[in-house]
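Listing of model.pdb, PDB, C-alpha atoms
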MODEL        1
ATOM      1  CA  MET A   1      18.732  34.449  10.039
ATOM      2  CA  ASN A   2      18.941  30.759   9.103
ATOM      3  CA  CYS A   3      18.146  27.982  11.539
ATOM      4  CA  SER A   4      21.380  26.114  12.191
ATOM      5  CA  VAL A   5      19.490  22.825  12.576
ATOM      6  CA  CYS A   6      17.685  23.259   9.244
ATOM      7  CA  VAL A   7      21.036  23.554   7.428
ATOM      8  CA  HIS A   8      22.810  20.921   9.545
ATOM      9  CA  GLU A   9      24.138  17.921   7.608
ATOM     10  CA  LYS A  10      22.423  15.550  10.074
ATOM     11  CA  ARG A  11      19.083  17.350  10.157
ATOM     12  CA  LYS A  12      17.031  14.213   9.493
ATOM     13  CA  GLU A  13      18.644  12.421  12.420
ATOM     14  CA  ILE A  14      18.105  15.444  14.686
ATOM     15  CA  ASP A  15      14.464  15.843  13.609
ATOM     16  CA  LEU A  16      13.780  12.157  14.159
ATOM     17  CA  ALA A  17      15.272  12.309  17.665
ATOM     18  CA  LEU A  18      13.298  15.455  18.525
ATOM     19  CA  LEU A  19       9.973  14.097  17.251
ATOM     20  CA  THR A  20      10.274  10.675  18.841
ATOM     21  CA  ALA A  21      11.940  11.865  22.062
ATOM     22  CA  THR A  22      14.428   9.012  21.749
ATOM     23  CA  ALA A  23      17.221  11.214  23.065
ATOM     24  CA  SER A  24      17.366  14.012  25.608
ATOM     25  CA  LEU A  25      18.157  17.547  24.512
ATOM     26  CA  THR A  26      21.379  17.331  26.534
ATOM     27  CA  SER A  27      22.563  14.291  24.587
ATOM     28  CA  LEU A  28      21.641  15.973  21.276
ATOM     29  CA  VAL A  29      23.572  19.100  22.307
ATOM     30  CA  GLU A  30      26.652  16.959  22.902
ATOM     31  CA  LYS A  31      26.215  14.701  19.873
ATOM     32  CA  PHE A  32      25.655  17.462  17.302
ATOM     33  CA  SER A  33      27.555  20.348  18.927
ATOM     34  CA  LEU A  34      24.477  22.554  18.979
ATOM     35  CA  GLN A  35      23.183  24.822  21.690
ATOM     36  CA  ARG A  36      20.157  23.714  23.693
ATOM     37  CA  TRP A  37      18.138  26.822  22.814
ATOM     38  CA  VAL A  38      18.824  26.237  19.096
ATOM     39  CA  LEU A  39      17.340  22.737  19.318
ATOM     40  CA  LYS A  40      14.321  23.984  21.279
ATOM     41  CA  GLU A  41      13.652  26.811  18.823
ATOM     42  CA  HIS A  42      13.989  24.469  15.837
ATOM     43  CA  ARG A  43      11.584  22.000  17.430
ATOM     44  CA  ARG A  44       9.091  24.771  18.274
ATOM     45  CA  LYS A  45       9.226  26.655  14.965
ATOM     46  CA  HIS A  46      10.030  24.004  12.359
ATOM     47  CA  LEU A  47       8.538  20.726  13.603
ATOM     48  CA  PRO A  48       4.974  19.619  14.387
ATOM     49  CA  TRP A  49       5.771  19.165  18.053
ATOM     50  CA  ILE A  50       3.429  19.486  21.018
ATOM     51  CA  SER A  51       4.773  19.787  24.526
ATOM     52  CA  PRO A  52       4.058  16.701  26.629
ATOM     53  CA  ARG A  53       3.333  19.134  29.495
ATOM     54  CA  ARG A  54       0.297  20.585  27.739
ATOM     55  CA  LYS A  55      -3.040  20.090  29.422
ATOM     56  CA  PRO A  56      -5.167  17.281  27.956
ATOM     57  CA  ALA A  57      -7.552  18.300  25.191
ATOM     58  CA  GLU A  58     -11.059  18.774  26.535
ATOM     59  CA  THR A  59     -13.140  20.565  23.911
ATOM     60  CA  ILE A  60     -13.978  19.273  20.452
ATOM     61  CA  THR A  61     -11.845  22.033  18.930
ATOM     62  CA  GLU A  62      -8.856  21.142  21.127
ATOM     63  CA  LYS A  63      -9.236  17.455  20.273
ATOM     64  CA  MET A  64      -9.379  18.255  16.558
ATOM     65  CA  GLU A  65      -6.271  20.425  16.843
ATOM     66  CA  GLU A  66      -4.518  17.600  18.689
ATOM     67  CA  LEU A  67      -5.440  15.091  15.961
ATOM     68  CA  SER A  68      -4.279  17.495  13.257
ATOM     69  CA  ALA A  69      -0.951  18.093  15.013
ATOM     70  CA  GLU A  70      -0.407  14.356  15.478
ATOM     71  CA  LEU A  71      -1.151  13.734  11.802
ATOM     72  CA  LYS A  72       1.422  16.370  10.827
ATOM     73  CA  ARG A  73       3.966  14.773  13.195
ATOM     74  CA  LEU A  74       3.350  11.342  11.661
ATOM     75  CA  GLN A  75       3.674  12.815   8.170
ATOM     76  CA  VAL A  76       7.113  14.218   9.001
ATOM     77  CA  LEU A  77       8.166  10.939  10.622
ATOM     78  CA  GLY A  78       7.045   9.084   7.498
ATOM     79  CA  GLU A  79       9.050  11.494   5.340
ATOM     80  CA  LEU A  80      12.071  10.776   7.560
ATOM     81  CA  GLY A  81      11.735   7.075   6.742
ATOM     82  CA  MET A  82       9.952   5.823   9.829
ATOM     83  CA  SER A  83       7.044   3.394   9.486
ATOM     84  CA  VAL A  84       3.838   5.126  10.594
ATOM     85  CA  THR A  85       1.278   2.534   9.505
ATOM     86  CA  LYS A  86       0.248   1.451  13.006
ATOM     87  CA  PRO A  87       0.166   4.964  14.511
ATOM     88  CA  LEU A  88      -1.977   6.101  11.561
ATOM     89  CA  ALA A  89      -4.441   3.293  12.232
ATOM     90  CA  VAL A  90      -4.703   4.449  15.857
ATOM     91  CA  LEU A  91      -5.151   8.038  14.697
ATOM     92  CA  ARG A  92      -8.007   6.976  12.413
ATOM     93  CA  GLN A  93      -9.718   5.320  15.375
ATOM     94  CA  ARG A  94      -9.294   8.490  17.443
ATOM     95  CA  GLN A  95     -10.842  10.455  14.560
ATOM     96  CA  SER A  96     -13.797   8.049  14.463
ATOM     97  CA  LEU A  97     -14.315   8.421  18.206
ATOM     98  CA  LEU A  98     -14.219  12.209  17.879
ATOM     99  CA  GLU A  99     -16.809  12.084  15.093
ATOM    100  CA  LEU A 100     -19.000   9.860  17.278
ATOM    101  CA  GLU A 101     -18.628  12.280  20.180
ATOM    102  CA  MET A 102     -19.661  15.124  17.882
ATOM    103  CA  ARG A 103     -22.710  13.178  16.651
ATOM    104  CA  MET A 104     -23.736  12.358  20.213
ATOM    105  CA  GLY A 105     -23.475  16.046  21.058
ATOM    106  CA  HIS A 106     -25.648  16.844  18.034
ATOM    107  CA  MET A 107     -22.799  18.834  16.493
ATOM    108  CA  VAL A 108     -22.775  16.702  13.355
ATOM    109  CA  SER A 109     -25.665  15.057  11.567
ATOM    110  CA  THR A 110     -25.654  11.273  11.729
ATOM    111  CA  HIS A 111     -26.168  11.068   7.954
ATOM    112  CA  ARG A 112     -24.039  13.933   6.698
ATOM    113  CA  LYS A 113     -20.740  15.327   7.960
ATOM    114  CA  GLN A 114     -22.161  18.788   8.373
ATOM    115  CA  LEU A 115     -23.967  20.659  11.089
ATOM    116  CA  PRO A 116     -27.728  20.495  11.352
ATOM    117  CA  ALA A 117     -29.624  23.703  10.508
ATOM    118  CA  LYS A 118     -30.390  24.335  14.204
ATOM    119  CA  ALA A 119     -26.688  24.543  15.117
ATOM    120  CA  ILE A 120     -26.053  26.905  12.214
ATOM    121  CA  ASP A 121     -28.846  29.223  13.420
ATOM    122  CA  GLU A 122     -27.348  29.285  16.899
ATOM    123  CA  GLY A 123     -23.867  30.157  15.604
ATOM    124  CA  SER A 124     -21.485  27.237  15.620
ATOM    125  CA  PHE A 125     -18.840  25.520  13.547
ATOM    126  CA  GLU A 126     -18.846  23.425  10.407
ATOM    127  CA  VAL A 127     -16.380  20.556  10.487
ATOM    128  CA  LYS A 128     -14.668  19.299   7.342
ATOM    129  CA  PHE A 129     -12.072  16.577   6.934
ATOM    130  CA  ARG A 130      -9.613  16.970   4.063
ATOM    131  CA  ASN A 131      -6.826  14.448   3.647
ATOM    132  CA  GLY A 132      -7.413  13.302   7.198
ATOM    133  CA  ILE A 133      -7.051  16.807   8.639
ATOM    134  CA  ALA A 134     -10.003  18.280  10.476
ATOM    135  CA  THR A 135     -10.756  21.949   9.977
ATOM    136  CA  THR A 136     -13.474  24.107  11.477
ATOM    137  CA  VAL A 137     -15.204  27.098   9.975
ATOM    138  CA  GLU A 138     -17.431  29.366  12.045
ATOM    139  CA  VAL A 139     -20.887  29.551  10.534
ATOM    140  CA  GLY A 140     -24.015  31.455  11.458
ATOM    141  CA  ALA A 141     -22.366  33.535  14.193
ATOM    142  CA  LYS A 142     -24.682  36.122  15.694
TER     143      LYS A 142
ENDMDL
END

Whole structure given in structure tokens:
Amino acid sequence: MNCSVCVHEKRKEIDLALLTATASLTSLVEKFSLQRWVLKEHRRKHLPWISPRRKPAETITEKMEELSAELKRLQVLGELGMSVTKPLAVLRQRQSLLELEMRMGHMVSTHRKQLPAKAIDEGSFEVKFRNGIATTVEVGAK
């Protein structure tokens, strides 16, 4: 079954409104003659969207997932023609703060972006950044 938003002639406009929350779902329903549930499903399944009602990220893993999701959202916004230069600069600063937090917690070596041998022996995660996206790989699990 095809997503009716994905094949809609004004998909870019709909996606932009959903990702920036510049319009309510009710106004989008009226403007594009789509059902509310269709818009919500499209946003949930086809866009890098995170509910504003989610609890704040607390763990390193949650913070990394949040940064990754925000980077994906900014990528889509950039592809839709929106300027994302300033938000990307803020995202880079958030990434730097997360790396500092990890170093302070002795999760990452201060000289190399990898875990010290002690953390690997205890069973932990290796953190890698590729194209600005943080990924974790479990290493040394007992």

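Reported to one decimal place, the separation of atom CA of Leu47 of chain A from atom CA of Leu18 of chain A is 8.6 Å.
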
**OP:** Find the residues near Pro48 of chain A: any atom within 12 Å, counting only C-alpha atoms, skip ones fewer than 5 places away on the same chain, and give them as a ChimeraX atom specification.
**Re:** /A:15-16,18-20,42-43,65-77

Original post:
In Å to one decimal, how far is atom CA of Lys45 of chain A from atom CA of Thr59 of chain A?
Top reply: 24.8 Å

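Of note, atom CA of Glu41 of chain A and atom CA of Val29 of chain A are spaced 13.0 Å apart.
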
Original post:
Leaving out Lys63 of chain A and any residue of its chain fewer than 2 positions from it, which residues lie within 12 Å of it when counting all atoms listed in the file, given as a PyMOL selection string?
Top reply: chain A and resi 55-61+65-70+91+94-99+101-102+133-136

Could you dump the residues just selected with C-alpha atoms as an mmCIF file, keeping the file's coordinate frame?
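The file below, selection-v9.cif, is the result:
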data_model
loop_
_atom_site.group_PDB
_atom_site.id
_atom_site.type_symbol
_atom_site.label_atom_id
_atom_site.label_comp_id
_atom_site.auth_asym_id
_atom_site.auth_seq_id
_atom_site.Cartn_x
_atom_site.Cartn_y
_atom_site.Cartn_z
ATOM 1 C CA LYS A 55 -3.040 20.090 29.422
ATOM 2 C CA PRO A 56 -5.167 17.281 27.956
ATOM 3 C CA ALA A 57 -7.552 18.300 25.191
ATOM 4 C CA GLU A 58 -11.059 18.774 26.535
ATOM 5 C CA THR A 59 -13.140 20.565 23.911
ATOM 6 C CA ILE A 60 -13.978 19.273 20.452
ATOM 7 C CA THR A 61 -11.845 22.033 18.930
ATOM 8 C CA GLU A 65 -6.271 20.425 16.843
ATOM 9 C CA GLU A 66 -4.518 17.600 18.689
ATOM 10 C CA LEU A 67 -5.440 15.091 15.961
ATOM 11 C CA SER A 68 -4.279 17.495 13.257
ATOM 12 C CA ALA A 69 -0.951 18.093 15.013
ATOM 13 C CA GLU A 70 -0.407 14.356 15.478
ATOM 14 C CA LEU A 91 -5.151 8.038 14.697
ATOM 15 C CA ARG A 94 -9.294 8.490 17.443
ATOM 16 C CA GLN A 95 -10.842 10.455 14.560
ATOM 17 C CA SER A 96 -13.797 8.049 14.463
ATOM 18 C CA LEU A 97 -14.315 8.421 18.206
ATOM 19 C CA LEU A 98 -14.219 12.209 17.879
ATOM 20 C CA GLU A 99 -16.809 12.084 15.093
ATOM 21 C CA GLU A 101 -18.628 12.280 20.180
ATOM 22 C CA MET A 102 -19.661 15.124 17.882
ATOM 23 C CA ILE A 133 -7.051 16.807 8.639
ATOM 24 C CA ALA A 134 -10.003 18.280 10.476
ATOM 25 C CA THR A 135 -10.756 21.949 9.977
ATOM 26 C CA THR A 136 -13.474 24.107 11.477
#

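Nearest to Trp37 of chain A of all the residues A:Cys3, A:Glu13, A:Thr85, A:Ser51 is A:Cys3, counting all atoms listed in the file.
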
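Evaluated against the shown file, the PyMOL selection byres ((chain A and resi 31-35) around 10) gives A:Ser4, A:Val5, A:His8, A:Glu9, A:Lys10, A:Arg11, A:Glu13, A:Ile14, A:Leu25, A:Thr26, A:Ser27, A:Leu28, A:Val29, A:Glu30, A:Arg36, A:Trp37, A:Val38, A:Leu39, A:Lys40.
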
Axis-aligned box for segment 34-49 of chain A, 3 Å per side, centre and edges in Å as AutoDock Vina command-line options:
--center_x 14.7 --center_y 23.0 --center_z 18.0 --size_x 25.5 --size_y 13.7 --size_z 17.3
